[in-house]
Structures are given as structure tokens and as C-alpha cells.
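Asker: As input, take query.txt (compact mmCIF, C-alpha atoms (C1' of nucleotides) and all ligand atoms):
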```txt
# COMPACT_ATOMS: atom_id res chain seq x y z
CA MET A 27 0.00 0.00 0.00
CA SER A 28 2.33 2.72 -1.22
CA GLN A 29 -0.48 5.24 -1.39
CA ILE A 30 1.83 7.79 0.15
CA GLY A 31 4.26 7.46 -2.70
CA ASP A 32 1.44 8.31 -5.06
CA SER A 33 0.59 11.44 -3.12
CA LEU A 34 4.21 12.55 -3.15
CA GLN A 35 4.41 11.93 -6.86
CA PHE A 36 1.23 13.93 -7.30
CA LEU A 37 2.76 16.84 -5.39
CA ARG A 38 5.90 16.75 -7.57
CA SER A 39 3.83 16.59 -10.75
CA ARG A 40 2.02 19.76 -9.74
CA GLY A 41 5.29 21.58 -9.11
CA TYR A 42 5.25 21.33 -5.32
CA LYS A 43 8.33 20.17 -3.47
CA VAL A 44 8.38 16.95 -1.52
CA THR A 45 9.62 17.86 1.94
CA ALA A 46 10.05 16.11 5.26
CA PRO A 47 7.20 18.04 6.94
CA ARG A 48 4.82 17.19 4.10
CA LYS A 49 5.73 13.52 4.27
CA GLN A 50 5.24 13.50 8.03
CA VAL A 51 1.82 15.14 7.93
CA LEU A 52 0.78 12.77 5.18
CA GLU A 53 1.91 9.81 7.29
CA VAL A 54 0.05 10.93 10.39
CA LEU A 55 -3.16 11.55 8.47
CA ARG A 56 -2.94 8.20 6.71
CA ARG A 57 -2.54 6.37 9.99
CA SER A 58 -5.50 8.06 11.67
CA SER A 59 -9.01 6.73 11.34
CA LYS A 60 -10.45 9.95 12.78
CA PRO A 61 -10.14 13.63 11.87
CA LEU A 62 -7.16 15.36 13.47
CA SER A 63 -6.70 19.05 14.23
CA ALA A 64 -3.48 20.81 13.25
CA TYR A 65 -2.31 20.71 16.84
CA GLN A 66 -3.20 17.05 17.25
CA ILE A 67 -1.10 16.32 14.20
CA GLN A 68 1.72 18.27 15.78
CA LYS A 69 1.54 16.22 18.97
CA SER A 70 1.42 12.89 17.19
CA LEU A 71 4.60 13.56 15.27
CA PRO A 72 7.96 11.84 15.84
CA ILE A 73 9.44 12.65 19.22
CA LYS A 74 12.89 12.71 17.68
CA GLY A 75 13.99 16.29 17.03
CA LYS A 76 11.80 19.34 17.24
CA PRO A 77 8.11 19.01 16.49
CA LEU A 78 6.78 20.69 13.38
CA ASN A 79 5.74 24.29 13.71
CA ALA A 80 1.97 24.74 13.84
CA VAL A 81 2.10 27.37 11.11
CA THR A 82 3.82 24.89 8.85
CA ILE A 83 1.17 22.29 9.56
CA TYR A 84 -1.59 24.74 8.71
CA ARG A 85 0.11 25.61 5.45
CA ILE A 86 0.55 21.97 4.56
CA LEU A 87 -3.06 21.18 5.38
CA ASN A 88 -4.25 24.11 3.29
CA LEU A 89 -2.18 22.82 0.39
CA PHE A 90 -3.44 19.26 0.75
CA CYS A 91 -7.04 20.44 0.95
CA SER A 92 -6.67 22.67 -2.08
CA LEU A 93 -5.40 19.64 -4.02
CA ASN A 94 -8.07 17.36 -2.54
CA LEU A 95 -5.42 15.13 -1.03
CA ALA A 96 -7.15 15.83 2.29
CA HIS A 97 -10.41 17.32 3.52
CA ARG A 98 -11.47 19.37 6.47
CA VAL A 99 -14.35 17.75 8.33
CA LEU A 100 -16.40 20.69 9.53
CA SER A 101 -18.56 18.90 12.06
CA SER A 102 -15.47 17.99 14.06
CA GLY A 103 -13.06 20.65 12.87
CA GLY A 104 -10.39 18.10 11.94
CA PHE A 105 -8.58 16.97 8.84
CA VAL A 106 -8.62 13.59 7.10
CA ILE A 107 -6.87 12.07 4.14
CA CYS A 108 -8.97 11.62 1.01
CA THR A 109 -9.78 7.98 0.31
CA LEU A 110 -11.64 8.39 -2.98
CA SER A 111 -10.64 9.03 -6.55
CA GLU A 112 -12.04 11.85 -8.66
CA GLY A 113 -14.98 12.03 -10.97
CA GLU A 114 -17.74 10.63 -8.78
CA GLY A 115 -19.14 13.95 -7.59
CA CYS A 116 -18.41 15.82 -4.37
CA HIS A 117 -16.76 13.91 -1.56
CA ARG A 118 -18.95 13.47 1.51
CA PHE A 119 -18.64 11.92 4.95
CA VAL A 120 -20.60 9.82 7.34
CA VAL A 121 -19.37 10.11 10.93
CA CYS A 122 -20.14 8.05 14.02
CA ARG A 123 -21.23 10.40 16.80
CA HIS A 124 -20.08 7.89 19.41
CA CYS A 125 -16.64 6.69 18.37
CA GLY A 126 -15.79 9.35 15.80
CA SER A 127 -14.92 6.88 13.06
CA LEU A 128 -15.82 8.06 9.61
CA GLN A 129 -16.12 7.00 6.03
CA GLU A 130 -15.94 8.99 2.82
CA PHE A 131 -18.40 8.52 0.01
CA ALA A 132 -19.73 10.21 -3.11
CA SER A 133 -22.94 10.16 -5.09
CA GLU A 134 -23.66 11.77 -8.41
CA THR A 135 -27.37 11.38 -7.70
CA LEU A 136 -27.17 13.40 -4.49
CA CYS A 137 -25.21 16.14 -6.22
CA GLN A 138 -27.72 16.37 -9.03
CA GLU A 139 -30.70 16.50 -6.70
CA GLU A 140 -29.12 19.13 -4.48
CA SER A 141 -28.23 21.15 -7.55
CA GLN A 142 -31.79 20.93 -8.81
CA ILE A 143 -33.33 21.97 -5.51
CA THR A 144 -30.97 24.90 -5.01
CA GLN A 145 -31.41 25.97 -8.62
CA ASP A 146 -35.11 26.35 -7.91
CA LEU A 147 -34.03 28.72 -5.12
CA GLY A 148 -32.07 30.82 -7.61
CA PHE A 149 -28.62 29.42 -6.96
CA GLN A 150 -26.08 27.87 -9.31
CA ALA A 151 -24.60 25.10 -7.17
CA GLU A 152 -20.85 24.56 -7.32
CA TYR A 153 -19.84 22.63 -4.26
CA HIS A 154 -21.73 20.25 -2.01
CA LEU A 155 -20.66 20.00 1.60
CA SER A 156 -22.35 17.13 3.35
CA GLU A 157 -21.62 15.29 6.57
CA VAL A 158 -24.06 12.70 7.85
CA SER A 159 -23.79 11.79 11.50
CA GLY A 160 -25.13 8.69 13.18
CA LEU A 161 -23.95 5.43 14.70
CA CYS A 162 -21.55 2.96 13.14
CA LEU A 163 -22.06 -0.79 13.22
CA LYS A 164 -19.77 -1.33 16.21
CA CYS A 165 -21.38 1.39 18.28
CA ARG A 166 -24.82 -0.09 17.69
CA GLY A 167 -23.52 -3.39 19.00
CA GLY A 168 -24.25 -5.02 15.67
CA GLN A 169 -27.99 -4.49 16.09
CA ARG A 170 -30.41 -3.33 13.41
CA MET B 27 -44.31 39.95 11.31
CA SER B 28 -44.13 39.29 15.03
CA GLN B 29 -41.99 36.21 14.51
CA ILE B 30 -39.88 37.28 17.47
CA GLY B 31 -42.88 37.18 19.77
CA ASP B 32 -43.41 33.58 18.71
CA SER B 33 -39.83 32.68 19.53
CA LEU B 34 -40.11 34.28 22.96
CA GLN B 35 -43.36 32.44 23.59
CA PHE B 36 -41.64 29.23 22.52
CA LEU B 37 -38.85 29.86 25.02
CA ARG B 38 -41.33 30.43 27.85
CA SER B 39 -43.30 27.34 26.92
CA ARG B 40 -40.16 25.25 27.27
CA GLY B 41 -39.43 26.69 30.70
CA TYR B 42 -36.72 29.12 29.65
CA LYS B 43 -36.81 32.71 30.82
CA VAL B 44 -37.33 35.58 28.45
CA THR B 45 -34.48 38.00 29.10
CA ALA B 46 -33.17 41.20 27.58
CA PRO B 47 -29.99 39.54 26.21
CA ARG B 48 -32.02 36.78 24.57
CA LYS B 49 -34.34 39.29 22.96
CA GLN B 50 -31.40 41.30 21.69
CA VAL B 51 -29.59 38.34 20.14
CA LEU B 52 -32.81 37.22 18.54
CA GLU B 53 -33.32 40.69 17.08
CA VAL B 54 -29.82 40.90 15.63
CA LEU B 55 -30.07 37.47 14.06
CA ARG B 56 -33.46 38.21 12.58
CA ARG B 57 -32.20 41.38 10.97
CA SER B 58 -29.16 39.76 9.37
CA SER B 59 -29.28 38.09 5.99
CA LYS B 60 -25.88 36.48 6.56
CA PRO B 61 -24.40 34.27 9.27
CA LEU B 62 -22.93 36.19 12.21
CA SER B 63 -20.25 35.07 14.65
CA ALA B 64 -20.76 35.54 18.39
CA TYR B 65 -18.43 38.52 18.35
CA GLN B 66 -20.09 40.06 15.32
CA ILE B 67 -23.37 39.82 17.19
CA GLN B 68 -21.75 41.51 20.14
CA LYS B 69 -20.52 44.41 17.99
CA SER B 70 -23.86 44.90 16.29
CA LEU B 71 -25.73 45.30 19.55
CA PRO B 72 -27.19 48.57 20.88
CA ILE B 73 -24.52 51.12 21.68
CA LYS B 74 -26.53 52.26 24.69
CA GLY B 75 -25.13 50.73 27.87
CA LYS B 76 -22.56 47.96 28.06
CA PRO B 77 -22.40 45.41 25.27
CA LEU B 78 -23.39 41.85 26.06
CA ASN B 79 -20.71 39.61 27.45
CA ALA B 80 -19.35 37.20 24.82
CA VAL B 81 -19.87 34.26 27.15
CA THR B 82 -23.51 35.18 27.44
CA ILE B 83 -23.86 35.35 23.69
CA TYR B 84 -22.31 31.91 23.30
CA ARG B 85 -24.69 30.49 25.89
CA ILE B 86 -27.67 32.06 24.19
CA LEU B 87 -26.57 30.77 20.79
CA ASN B 88 -26.08 27.29 22.20
CA LEU B 89 -29.59 27.40 23.64
CA PHE B 90 -31.13 28.66 20.41
CA CYS B 91 -29.31 26.00 18.39
CA SER B 92 -30.35 23.23 20.76
CA LEU B 93 -33.97 24.34 20.29
CA ASN B 94 -33.52 24.78 16.53
CA LEU B 95 -34.44 28.44 16.79
CA ALA B 96 -31.06 29.08 15.16
CA HIS B 97 -28.39 27.10 13.33
CA ARG B 98 -24.66 27.24 13.09
CA VAL B 99 -23.49 27.45 9.50
CA LEU B 100 -20.27 25.47 9.49
CA SER B 101 -18.87 26.60 6.17
CA SER B 102 -18.71 30.16 7.46
CA GLY B 103 -18.66 29.57 11.21
CA GLY B 104 -21.58 31.89 11.84
CA PHE B 105 -25.08 31.67 13.24
CA VAL B 106 -28.41 32.28 11.51
CA ILE B 107 -32.01 32.29 12.60
CA CYS B 108 -34.09 29.32 11.47
CA THR B 109 -36.59 30.22 8.78
CA LEU B 110 -38.35 26.87 8.41
CA SER B 111 -40.90 24.97 10.40
CA GLU B 112 -40.43 21.40 11.59
CA GLY B 113 -41.30 18.10 10.03
CA GLU B 114 -39.76 18.48 6.57
CA GLY B 115 -36.51 16.69 7.30
CA CYS B 116 -33.13 18.16 8.23
CA HIS B 117 -32.60 21.85 7.63
CA ARG B 118 -29.99 22.63 4.99
CA PHE B 119 -28.41 25.72 3.47
CA VAL B 120 -27.39 27.06 0.12
CA VAL B 121 -24.84 29.86 0.38
CA CYS B 122 -23.56 32.33 -2.21
CA ARG B 123 -19.76 32.20 -2.24
CA HIS B 124 -19.61 35.75 -3.54
CA CYS B 125 -22.02 37.83 -1.44
CA GLY B 126 -22.56 35.41 1.46
CA SER B 127 -26.34 35.50 1.23
CA LEU B 128 -27.97 32.23 2.10
CA GLN B 129 -31.25 30.38 2.07
CA GLU B 130 -32.49 27.53 4.18
CA PHE B 131 -34.25 24.53 2.70
CA ALA B 132 -35.23 20.97 3.50
CA SER B 133 -35.92 17.82 1.52
CA GLU B 134 -37.25 14.53 2.76
CA THR B 135 -36.00 12.92 -0.44
CA LEU B 136 -32.42 14.00 0.20
CA CYS B 137 -32.57 12.75 3.77
CA GLN B 138 -33.88 9.38 2.68
CA GLU B 139 -31.27 8.94 -0.03
CA GLU B 140 -28.43 9.93 2.25
CA SER B 141 -29.73 7.56 4.89
CA GLN B 142 -29.89 4.72 2.39
CA ILE B 143 -26.38 5.32 1.08
CA THR B 144 -24.86 5.58 4.52
CA GLN B 145 -26.80 2.54 5.72
CA ASP B 146 -25.06 0.55 3.00
CA LEU B 147 -21.81 1.72 4.60
CA GLY B 148 -22.91 0.31 7.97
CA PHE B 149 -24.19 3.53 9.55
CA GLN B 150 -27.53 4.39 11.07
CA ALA B 151 -28.00 8.00 9.96
CA GLU B 152 -29.41 10.45 12.50
CA TYR B 153 -28.55 13.93 11.34
CA HIS B 154 -27.80 15.34 7.90
CA LEU B 155 -25.52 18.36 7.70
CA SER B 156 -25.49 19.87 4.24
CA GLU B 157 -24.38 23.23 2.92
CA VAL B 158 -24.37 23.82 -0.81
CA SER B 159 -22.23 26.69 -2.04
CA GLY B 160 -22.52 28.46 -5.36
CA LEU B 161 -23.65 31.74 -6.84
CA CYS B 162 -26.92 33.50 -6.20
CA LEU B 163 -29.00 35.13 -8.91
CA LYS B 164 -27.69 38.63 -8.22
CA CYS B 165 -24.05 37.55 -8.25
CA ARG B 166 -24.52 35.82 -11.63
CA GLY B 167 -25.83 39.09 -12.99
CA GLY B 168 -29.13 37.45 -13.75
CA GLN B 169 -27.54 35.15 -16.34
CA ARG B 170 -28.25 31.44 -16.83
C1' DG C 22 28.80 21.92 -5.42
C1' DG C 23 26.34 26.42 -6.04
C1' DC C 24 21.85 28.88 -7.33
C1' DT C 25 17.14 30.16 -6.91
C1' DT C 26 12.99 30.25 -4.94
C1' DA C 27 9.67 27.58 -2.57
C1' DA C 28 9.06 26.07 1.93
C1' DT C 29 9.80 26.29 6.75
C1' DG C 30 10.77 28.61 11.26
C1' DT C 31 9.93 32.34 14.48
C1' DA C 32 7.43 35.74 16.92
C1' DA C 33 3.59 38.17 17.57
C1' DT C 34 -1.19 38.56 17.43
C1' DA C 35 -6.18 37.72 16.22
C1' DA C 36 -10.28 35.13 16.54
C1' DT C 37 -12.95 31.77 18.63
C1' DG C 38 -14.59 29.16 22.43
C1' DT C 39 -14.75 27.30 27.45
C1' DT C 40 -14.71 27.01 32.67
C1' DG C 41 -15.51 28.28 37.57
C1' DC C 42 -17.44 31.27 40.53
C1' DA C 43 -19.84 35.73 41.98
C1' DT C 44 -23.83 38.52 41.15
C1' DT C 45 -28.23 39.66 39.27
C1' DT C 46 -32.96 39.01 37.92
C1' DA C 47 -37.33 36.69 35.76
C1' DA C 48 -40.94 34.49 37.31
C1' DA C 49 -43.20 32.00 40.83
C1' DA C 50 -44.85 31.91 45.65
C1' DT C 51 -46.52 34.32 49.52
C1' DA D 22 -46.47 44.35 46.53
C1' DT D 23 -42.84 41.79 48.69
C1' DT D 24 -40.12 37.79 49.21
C1' DT D 25 -37.99 33.83 47.37
C1' DT D 26 -35.05 31.07 44.42
C1' DA D 27 -33.44 28.84 40.54
C1' DA D 28 -31.93 30.37 36.24
C1' DA D 29 -29.38 33.52 33.75
C1' DT D 30 -25.79 36.76 33.33
C1' DG D 31 -21.23 39.00 34.41
C1' DC D 32 -16.51 38.57 35.23
C1' DA D 33 -11.88 36.76 35.04
C1' DA D 34 -8.94 33.62 33.51
C1' DC D 35 -7.62 30.53 30.18
C1' DA D 36 -7.58 27.09 26.04
C1' DT D 37 -7.78 26.29 21.28
C1' DT D 38 -7.57 27.52 16.67
C1' DA D 39 -5.83 30.35 13.04
C1' DT D 40 -3.28 34.16 10.56
C1' DT D 41 0.46 37.60 9.37
C1' DA D 42 5.12 39.51 8.46
C1' DC D 43 9.61 38.63 8.12
C1' DA D 44 14.02 35.77 8.70
C1' DT D 45 16.14 31.42 7.61
C1' DT D 46 16.56 26.93 5.39
C1' DA D 47 16.67 23.48 1.94
C1' DA D 48 14.54 20.93 -2.46
C1' DG D 49 15.19 20.63 -7.03
C1' DC D 50 17.53 22.53 -10.79
C1' DC D 51 21.76 23.52 -13.54
MN MN E 201 -12.07 12.95 -0.99
MN MN E 202 -33.98 25.53 10.45
ZN ZN E 203 -18.97 4.26 16.24
ZN ZN E 204 -24.50 36.31 -4.17
```
Rewrite the structure from the file as C-alpha cells, please.
Ligand SMILES: [Mn+2]
Ligand SMILES: [Mn+2]
Ligand SMILES: [Zn+2]
Ligand SMILES: [Zn+2]
Answerer:
Amino acid sequence: MSQIGDSLQFLRSRGYKVTAPRKQVLEVLRRSSKPLSAYQIQKSLPIKGKPLNAVTIYRILNLFCSLNLAHRVLSSGGFVICTLSEGEGCHRFVVCRHCGSLQEFASETLCQEESQITQDLGFQAEYHLSEVSGLCLKCRGGQR
Amino acid sequence: MSQIGDSLQFLRSRGYKVTAPRKQVLEVLRRSSKPLSAYQIQKSLPIKGKPLNAVTIYRILNLFCSLNLAHRVLSSGGFVICTLSEGEGCHRFVVCRHCGSLQEFASETLCQEESQITQDLGFQAEYHLSEVSGLCLKCRGGQR
DNA sequence: GGCTTAATGTAATAATGTTGCATTTAAAAT
DNA sequence: ATTTTAAATGCAACATTATTACATTAAGCC
């Protein structure tokens, strides 16, 4: 699973440098199953040497989000790595309100319907932010 | 349009007191067409006498949101008054990325489809957060 | 190995949000 | 009307999140 290599290659191909801080942030995000804040990322970084500067982490996260390598999850205020490919419509999340685990998904149908509804309200839809919260299988104890 | 009176009555009926700060925050939110942060609300309050304490404003906003008298718009971090009634599914927003104007809407269909999709991912959906961004009629210059 | 410029570090500050405790007051009871 | 009291607000201190300007470092190029 050299997904990280792909991300680094993607950065290079867009003219961005591959640096130690960027690799580290990418690593931390890939390992986490839950959204992490910039400062949580800072704390969970290698104890060897100085920790990354928070400003640097913010800049890296902004870059990753602008390239859709990562997303900011607004309902929790954290950042996650993107697990989907392009071309399936806007990337959405479903989050467990109990354990915080989350999964990314996309749906052309949802995008189209939202666009239709908002068009009737006079808007030209461009981006669809959507985060569904509920309970995951584990946190329901396998019921239902 | 004594919508405010209704809100105050609603507060009383739920056992909450009707206070000057609550009336003021309600007023400010009702007048605004865009989401306001707690501190923006504080600034836009009557210049007569001391301004409301920020802590108080946060507590009032939390109360309003818990009662669905107001909502927090996550994409902008501000608060708006609720303009819908209950029973139509989760309340959603479409926001103009240019002028910041926004409109609230709801759709049972969207809720059902999101619930179905996320159920297939193992989740029991409970709440649907959704904010569509785009351009309003004015900001498109009436085109399209 | 040096060059160039993007990226990072540093310091200072802004904006947002929370907690514990003292004081005030809306609304009920007398 | 006055008293009562729980709820609401004020106050002070602090935590978290985020941004800006400028100095320093180092990735990728020759
Ligand atoms: Mn994605
Ligand atoms: Mn609403
Ligand atoms: Zn769970
Ligand atoms: Zn607009």
C-alpha cells in the first residue's frame, strides 16, 4: 500500500516540493481513522527532534485540501486524508457520533438533486458540503 | 411579522426565561441576511449601555441552536435564525460564495437517499448536515 | 557543489470558544 | 407588593484555533 508514494508523486507533478514536513503530515493523516486538528497532528509527530511548527502544519493542510489530497471535516473541525478518486461527484462523509470513526463517500445522484433543488431557489450550485452523522455498526452493538 | 414574539413564547413554553440579552440576540439574528459570529453579534448590539458579554452570547446561541431556533453554519462559522418549520426533514443551506447571502431549505427525499447510502456503509444515519455553495441570482448578474 | 525560490521557522497577534465562581434578575410563591 | 429562588448573566482567567510579516533553510535545478 504505497499510497503515500502516489501522493508525493502527485505533489511533484504539480510543481510542489516533496519535503520532510509534508511527508510527516501525510503519514500521520494516513494512519489516523479519525479527523485530526493541526495541533493534534503536531503532537502525534515523531518525538525525535523538534516538532513541526503549527504554522507549517496549517500551510501543509491548506495545500493538501486545495489539491483534494485531504479534507477538512467541519462537524469535528479536523482533517482527514482523502480515500476516494475523482470524478464521482463531491466527496462526503458519514461520521459516528459515538466513536468518531468516519467514512468517505460520493454520489452523483445526491449532487444532481441538491443542484436541482438549489437551482429552484435561484442558486447555481458549485460545491456540495455534506456530513451525515449517526452510529456505526460497532457502536450499535451489531444491532439493526 | 411578530416572529420574534413567537420565539419568545416558545422559550417560555419550554421553561426558559425571556431576558433582555435573549431578545437582543434574537433581534440581531433576525435582521441579518448572513451568518454572524458571536463577536459580530456583540458588535452589532445597541450602543446604549454595556455590550453583552461574549460568554452570554455563546450560551444564548447554544440554547437557540439546541432548540432549533437558530443554526450554526459550518462553512462560514456563523449563526443564523431558522426560517423553516419542523417536520420536513433536516434543515440545509445554500450559500452564495460571492455575497454570502444564504437560504435555508429541506428535503425529505435528500434525507432518505443519504440515509440509504450511509446505511449501505454500515451507519444508522441520524442527522444530515449539508451546505451547498454556489452563486446566487444577483451575483450571476441574472444570467443562466 | 552552487543557485534560486519555494518552503519552513519564528514571533507576535487575532479570533474563537470554554470554565468556575460571583452577582443579578425573571418568574413563581406568599 | 414583597419575598424567594433557581436560572441567567457578568466577570476573570484561560484554552484552542488560526493568521500575518519577516528571517532562515533546503529541495530541485543547472
Ligand atoms: Mn475525498
Ligand atoms: Mn432551520
Ligand atoms: Zn462508532
Ligand atoms: Zn450572491
Asker: Any chance you could tabulate, as CSV, the residues of chain B at most 8 Å from chain C with each one's nearest atom pair and distance in Å to one decimal, using all atoms listed in the file, in chain and rising number order?
Answerer:
```
residue,atom,partner,partner_atom,distance
B:Lys43,CA,C:DA47,C1',6.4
B:Val44,CA,C:DA47,C1',7.4
B:Thr45,CA,C:DA47,C1',7.4
```
Asker: Counting all atoms listed in the file, which residue out of B:Ser59, B:Cys125, B:Ser101, B:Glu134 sits closest to chain A?
Answerer: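 When distances to chain A are compared using all atoms listed in the file, the smallest one comes from B:Ser101.
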Asker: With all atoms listed in the file counted and 12 Å as the cut-off, give the residues of chain B in contact with chain D, each with its shortest interatomic distance in Å and the pair that gives it, as a Markdown table.
Answerer:
```
| residue | atom | partner | partner_atom | distance |
| --- | --- | --- | --- | --- |
| B:Gly41 | CA | D:DA28 | C1' | 10.0 |
| B:Tyr42 | CA | D:DA28 | C1' | 8.2 |
| B:Lys43 | CA | D:DA28 | C1' | 7.7 |
| B:Val44 | CA | D:DA29 | C1' | 9.8 |
| B:Thr45 | CA | D:DA29 | C1' | 8.2 |
| B:Ala46 | CA | D:DT30 | C1' | 10.4 |
| B:Pro47 | CA | D:DT30 | C1' | 8.7 |
| B:Arg48 | CA | D:DA29 | C1' | 10.1 |
| B:Lys76 | CA | D:DG31 | C1' | 11.1 |
| B:Pro77 | CA | D:DG31 | C1' | 11.2 |
| B:Leu78 | CA | D:DG31 | C1' | 9.1 |
| B:Asn79 | CA | D:DG31 | C1' | 7.0 |
| B:Ala80 | CA | D:DG31 | C1' | 9.9 |
| B:Val81 | CA | D:DG31 | C1' | 8.8 |
| B:Thr82 | CA | D:DT30 | C1' | 6.5 |
| B:Ile83 | CA | D:DT30 | C1' | 9.9 |
| B:Tyr84 | CA | D:DT30 | C1' | 11.7 |
| B:Arg85 | CA | D:DA29 | C1' | 9.6 |
| B:Ile86 | CA | D:DA29 | C1' | 9.8 |
| B:Leu89 | CA | D:DA29 | C1' | 11.8 |
```
Asker: Using only C-alpha atoms, select each residue of chain A with any atom at most 6 Å away from an atom of chain B, and give the selection as a CSV table (one decimal) with C-alpha atoms, in the coordinates of the input.
Answerer:
```csv
chain,number,residue,atom,x,y,z
A,148,GLY,CA,-32.1,30.8,-7.6
A,149,PHE,CA,-28.6,29.4,-7.0
A,150,GLN,CA,-26.1,27.9,-9.3
A,151,ALA,CA,-24.6,25.1,-7.2
A,152,GLU,CA,-20.8,24.6,-7.3
A,153,TYR,CA,-19.8,22.6,-4.3
A,154,HIS,CA,-21.7,20.2,-2.0
A,155,LEU,CA,-20.7,20.0,1.6
A,156,SER,CA,-22.4,17.1,3.4
A,157,GLU,CA,-21.6,15.3,6.6
A,158,VAL,CA,-24.1,12.7,7.8
A,159,SER,CA,-23.8,11.8,11.5
A,160,GLY,CA,-25.1,8.7,13.2
A,161,LEU,CA,-24.0,5.4,14.7
A,162,CYS,CA,-21.6,3.0,13.1
A,163,LEU,CA,-22.1,-0.8,13.2
```
Asker: Name each residue within 9 Å of ligand MN 202 (chain E), counting only C-alpha atoms (C1' of nucleotides) and all ligand atoms, as an MDAnalysis selection string.
Answerer: chainID B and resid 94:97 106:112 116:119 130:132
Asker: Considering all atoms listed in the file, state which residue in the set A:Gly31, A:Leu37, A:Leu93, A:Arg98 is at the smallest distance from Ser63 of chain A.
Answerer: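 For Ser63 of chain A, the nearest of the candidates is A:Arg98.
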Asker: Expressed in Å to a single decimal, how great is the separation between atom CA of Leu55 of chain A and atom CA of His124 of chain A?
Answerer: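 Between these atoms lies a distance of 20.5 Å.
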Asker: What is the atom CA of Pro61 of chain A to atom CA of Gly126 of chain A distance in Å?
Answerer: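 Value for the atom CA of Pro61 of chain A-atom CA of Gly126 of chain A distance: 8.1 Å.
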Asker: How many Å lie between atom CA of Val51 of chain B and atom CA of Leu71 of chain B, rounded to one decimal?
Answerer: 8.0 Å
Asker: Using 3 Å of padding on each side, determine the axis-aligned box around all atoms of segment 26-31 of chain D present in the file and give its centre and edge lengths in Å to one decimal, as AutoDock Vina command-line options.
Answerer:
```
--center_x -28.1 --center_y 33.9 --center_z 38.9 --size_x 19.8 --size_y 16.2 --size_z 17.1
```
